[in-house]
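Asks: model_0.cif is reproduced in full below (mmCIF, C-alpha atoms).
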data_run
#
loop_
_atom_site.label_atom_id
_atom_site.label_comp_id
_atom_site.auth_asym_id
_atom_site.auth_seq_id
_atom_site.Cartn_x
_atom_site.Cartn_y
_atom_site.Cartn_z
CA MET A 355 12.21 -82.61 205.60
CA ILE A 356 10.63 -79.20 205.07
CA LEU A 357 11.55 -76.29 207.34
CA HIS A 358 9.89 -72.88 207.33
CA LYS A 359 11.41 -69.48 208.03
CA GLY A 360 12.78 -69.38 211.58
CA GLU A 361 12.82 -73.14 212.15
CA ILE A 362 16.07 -74.68 213.35
CA LEU A 363 17.86 -77.40 211.39
CA PHE A 364 20.52 -78.02 214.05
CA ARG A 365 21.78 -76.28 217.18
CA GLN A 366 25.24 -75.27 218.26
CA GLY A 367 26.72 -78.15 220.26
CA ASP A 368 24.45 -80.89 218.86
CA GLU A 369 26.34 -84.16 218.91
CA GLY A 370 26.15 -84.61 215.13
CA ARG A 371 23.98 -87.69 214.76
CA PHE A 372 22.90 -86.42 211.32
CA LEU A 373 24.26 -84.69 208.25
CA TYR A 374 21.99 -82.62 206.03
CA HIS A 375 21.86 -82.12 202.28
CA VAL A 376 20.24 -78.77 201.42
CA LYS A 377 17.88 -79.30 198.49
CA SER A 378 16.27 -75.83 198.41
CA GLY A 379 16.11 -72.64 200.42
CA LEU A 380 18.68 -70.86 202.57
CA PHE A 381 19.89 -71.17 206.15
CA LYS A 382 21.89 -68.78 208.27
CA VAL A 383 24.39 -70.31 210.66
CA THR A 384 25.03 -68.37 213.85
CA ARG A 385 27.40 -68.96 216.72
CA LEU A 386 26.91 -67.77 220.27
CA HIS A 387 30.25 -66.99 221.90
CA GLU A 388 30.95 -67.25 225.63
CA ASN A 389 30.90 -63.44 225.92
CA GLY A 390 27.30 -63.38 224.63
CA ASN A 391 28.09 -62.19 221.10
CA MET A 392 25.93 -63.81 218.44
CA VAL A 393 27.68 -63.91 215.07
CA LEU A 394 26.29 -64.95 211.72
CA PHE A 395 29.20 -66.79 210.10
CA ASN A 396 27.75 -68.78 207.23
CA ILE A 397 24.91 -69.06 204.75
CA LEU A 398 23.94 -72.56 203.63
CA TYR A 399 22.53 -72.87 200.13
CA PRO A 400 21.17 -75.62 197.83
CA GLY A 401 23.61 -78.38 196.99
CA GLU A 402 25.55 -78.26 200.25
CA THR A 403 25.91 -81.17 202.65
CA VAL A 404 26.56 -80.00 206.19
CA PRO A 405 28.07 -79.70 208.74
CA HIS A 406 31.18 -79.31 206.58
CA HIS A 407 33.55 -80.12 209.42
CA SER A 408 31.81 -83.50 209.84
CA LEU A 409 32.00 -84.75 206.26
CA ILE A 410 34.91 -87.08 207.06
CA SER A 411 34.58 -87.65 210.81
CA PRO A 412 31.95 -86.74 213.41
CA LYS A 413 32.16 -83.56 215.48
CA GLU A 414 29.56 -81.57 217.40
CA THR A 415 27.96 -78.74 215.44
CA HIS A 416 29.80 -75.42 215.50
CA GLY A 417 26.72 -73.21 215.19
CA THR A 418 22.93 -73.09 214.87
CA ALA A 419 21.36 -73.34 211.40
CA ILE A 420 18.10 -71.41 211.01
CA ALA A 421 15.90 -71.47 207.89
CA LEU A 422 15.67 -68.07 206.21
CA MET A 423 12.74 -69.18 204.05
CA ARG A 424 10.88 -72.37 203.22
CA SER A 425 13.67 -74.90 202.75
CA GLU A 426 13.97 -78.58 202.03
CA VAL A 427 16.74 -80.83 203.34
CA GLU A 428 17.54 -84.50 203.16
CA VAL A 429 18.41 -85.82 206.62
CA ILE A 430 21.28 -88.34 206.48
CA PRO A 431 22.00 -90.48 209.55
CA ALA A 432 25.68 -89.99 210.36
CA HIS A 433 26.36 -93.70 210.82
CA GLU A 434 25.12 -94.34 207.26
CA TRP A 435 27.21 -91.46 205.88
CA TYR A 436 30.42 -92.73 207.52
CA ARG A 437 29.67 -96.34 206.57
CA ASP A 438 29.24 -95.28 202.92
CA LEU A 439 32.47 -93.30 203.15
CA GLN A 440 34.24 -96.56 204.05
CA THR A 441 32.44 -98.88 201.64
CA ILE A 442 31.60 -96.90 198.49
CA PRO A 443 34.79 -96.18 196.53
CA GLU A 444 33.42 -92.96 194.91
CA LYS A 445 32.23 -91.44 198.19
CA PRO A 446 35.58 -89.90 199.31
CA LEU A 447 35.89 -88.14 195.95
CA GLN A 448 32.33 -86.82 196.35
CA VAL A 449 33.28 -85.44 199.77
CA ALA A 450 36.41 -83.84 198.31
CA ALA A 451 34.23 -82.19 195.63
CA LEU A 452 31.85 -80.85 198.31
CA LEU A 453 34.75 -79.40 200.28
CA GLN A 454 36.31 -77.94 197.13
CA GLU A 455 33.03 -76.21 196.30
CA LYS A 456 32.89 -74.73 199.81
CA VAL A 457 36.49 -73.48 199.56
CA ARG A 458 35.64 -71.81 196.24
CA PHE A 459 32.54 -70.27 197.80
CA MET A 460 34.63 -68.92 200.69
CA GLN A 461 37.15 -67.47 198.22
CA GLU A 462 34.30 -65.71 196.45
CA ARG A 463 32.94 -64.38 199.75
CA LEU A 464 36.41 -63.12 200.72
CA ASP A 465 36.63 -61.35 197.37
CA HIS A 466 33.25 -59.77 198.11
CA LEU A 467 34.53 -58.55 201.50
CA THR A 468 37.66 -56.99 200.05
CA VAL A 469 36.15 -55.27 197.01
CA GLY A 470 35.75 -51.48 197.04
CA THR A 471 32.99 -49.71 198.85
CA PRO A 472 30.31 -50.97 201.23
CA ALA A 473 27.73 -50.27 198.50
CA GLU A 474 29.59 -52.57 196.12
CA ARG A 475 29.79 -55.28 198.77
CA LEU A 476 26.06 -54.98 199.45
CA ALA A 477 25.34 -55.24 195.72
CA LEU A 478 27.48 -58.40 195.43
CA LEU A 479 25.81 -60.01 198.46
CA THR A 480 22.35 -59.13 197.14
CA LYS A 481 23.19 -60.56 193.72
CA TRP A 482 24.64 -63.77 195.17
CA LEU A 483 21.78 -64.41 197.61
CA GLY A 484 19.29 -63.47 194.90
CA GLN A 485 20.31 -66.62 193.01
CA HIS A 486 18.75 -68.68 195.79
CA ALA A 487 16.06 -66.40 197.26
CA HIS A 488 13.47 -66.66 194.47
CA GLY A 489 12.77 -62.93 194.41
CA ILE A 490 12.45 -62.49 198.18
CA PRO A 491 14.09 -59.17 199.17
CA LEU A 492 17.27 -59.47 201.25
CA THR A 493 15.78 -57.54 204.17
CA ASP A 494 12.87 -60.01 204.40
CA TYR A 495 15.18 -62.76 205.64
CA LEU A 496 18.26 -61.02 207.09
CA THR A 497 18.43 -58.21 209.63
CA GLN A 498 20.53 -55.13 208.97
CA GLU A 499 22.93 -56.37 211.66
CA GLU A 500 23.31 -59.70 209.85
CA ILE A 501 23.81 -58.02 206.48
CA GLY A 502 26.49 -55.86 208.11
CA GLN A 503 28.26 -58.94 209.46
CA LEU A 504 28.27 -60.49 205.99
CA ILE A 505 29.71 -57.42 204.27
CA GLY A 506 31.98 -56.19 207.07
CA VAL A 507 30.20 -52.97 208.07
CA ARG A 508 28.12 -51.69 210.97
CA ARG A 509 24.33 -51.87 211.02
CA GLU A 510 24.13 -48.09 210.69
CA THR A 511 26.04 -48.24 207.41
CA VAL A 512 23.69 -50.93 206.10
CA ASN A 513 20.71 -48.76 207.10
CA ARG A 514 22.15 -45.80 205.19
CA LEU A 515 22.90 -47.94 202.12
CA LEU A 516 19.41 -49.45 202.08
CA ARG A 517 17.79 -46.02 202.47
CA GLY A 518 19.84 -44.83 199.49
CA ILE A 519 18.69 -47.77 197.38
CA ASN A 520 15.04 -47.20 198.35
CA GLU A 521 15.28 -43.48 197.51
CA LYS A 522 16.66 -44.32 194.04
CA VAL A 523 13.80 -46.76 193.42
CA GLN A 524 11.12 -44.22 194.38
#
Here is the file; what I need is its structure written in the form of structure tokens.
Replies:
Amino acid sequence: MILHKGEILFRQGDEGRFLYHVKSGLFKVTRLHENGNMVLFNILYPGETVPHHSLISPKETHGTAIALMRSEVEVIPAHEWYRDLQTIPEKPLQVAALLQEKVRFMQERLDHLTVGTPAERLALLTKWLGQHAHGIPLTDYLTQEEIGQLIGVRRETVNRLLRGINEKVQ
């Protein structure tokens, strides 16, 4: 299945009838809290099978996944996934490897959040996302607010950092 920028892969609260293997592109995952706050809490990238919390047993989706660019996913019916988990001896080890990769990714992201200055964090995020964005500038697919959520700063700080980068380029 091909999704274009802005198209939704799954919505918060969906019952989880499918899992998805990201073949290309990027997705942001947002969560709307009861108080009205919308928080970007994850970026899905090629190689991932999601939702992560449903790899072993079904659960409704925790957030809404929105394509940040043209993306391709393989749609996997949940009943087939769970059947294979029971009948294919290698499948549980494959799931463990997927979860291990996500834990390692989260460790890397935590390192990015705790390193030095906001400028350094922005540089690390830009470098990491650049591996999957095929030359598309960060600000073409994430808002300043979203960038701020990913690096732990306010939108105003992101604005100042981006202005500084643009001034250096010119």
Asks: For a quick check of understanding, using only C-alpha atoms, which of A:His407, A:Arg437, A:His416, A:His486 has the smallest distance to Phe381 of chain A?
Replies: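 Of A:His407, A:Arg437, A:His416, A:His486, the one nearest Phe381 of chain A, counting only C-alpha atoms, is A:His486.
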Asks: Here's the selection I'm unsure about, the PyMOL selection byres ((chain A and resi 461-472) around 9); applied to the file above, which residues does it give, as JSON, numbers by chain?
Replies: {"A": [456, 457, 458, 459, 460, 473, 474, 475, 476, 477, 478, 479, 504, 505, 506, 507, 511, 512, 515]}
Asks: For the PyMOL selection byres ((chain A and resi 355-366) around 12), applied here, can you spell out every residue it catches as a VMD selection string?
Replies: chain A and resid 367 to 387 392 398 404 to 405 413 to 430 494 to 496
Asks: Of the residues A:Leu394, A:Leu492, A:Leu409, A:Leu483, which is the one nearest to Pro431 of chain A, using all atoms listed in the file?
Replies: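 Between A:Leu394, A:Leu492, A:Leu409, A:Leu483, the residue approaching Pro431 of chain A most closely is A:Leu409.
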Asks: Run through the PyMOL selection byres ((chain A and resi 498) around 7) on the given coordinates and return the selected residues as number ranges by chain.
Replies: A: 496-497, 499-502, 509, 512-513
Asks: Have a look at atom CA of Gly518 of chain A and atom CA of Pro491 of chain A and let me know their distance in Å, one decimal.
Replies: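 Separating atom CA of Gly518 of chain A from atom CA of Pro491 of chain A is a distance of 15.5 Å.
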Asks: Suppose you want the space between atom CA of Ile519 of chain A and atom CA of Pro400 of chain A; what is it in Å?
Replies: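 Distance between the two atoms: 28.0 Å.
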Asks: What box, with edges along x, y and z, holds each listed atom of segment 455-473 of chain A when 6 Å is added on every side, and can you state its centre and edge lengths in Å to one decimal, as lines of an AutoDock Vina configuration file?
Replies:
center_x = 32.7
center_y = -63.0
center_z = 198.9
size_x = 21.9
size_y = 38.5
size_z = 17.3
Asks: Atom CA of Leu452 of chain A to atom CA of Thr493 of chain A: how many Å, to one decimal?
Replies: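 Computing the Euclidean distance for atom CA of Leu452 of chain A and atom CA of Thr493 of chain A yields 28.9 Å.
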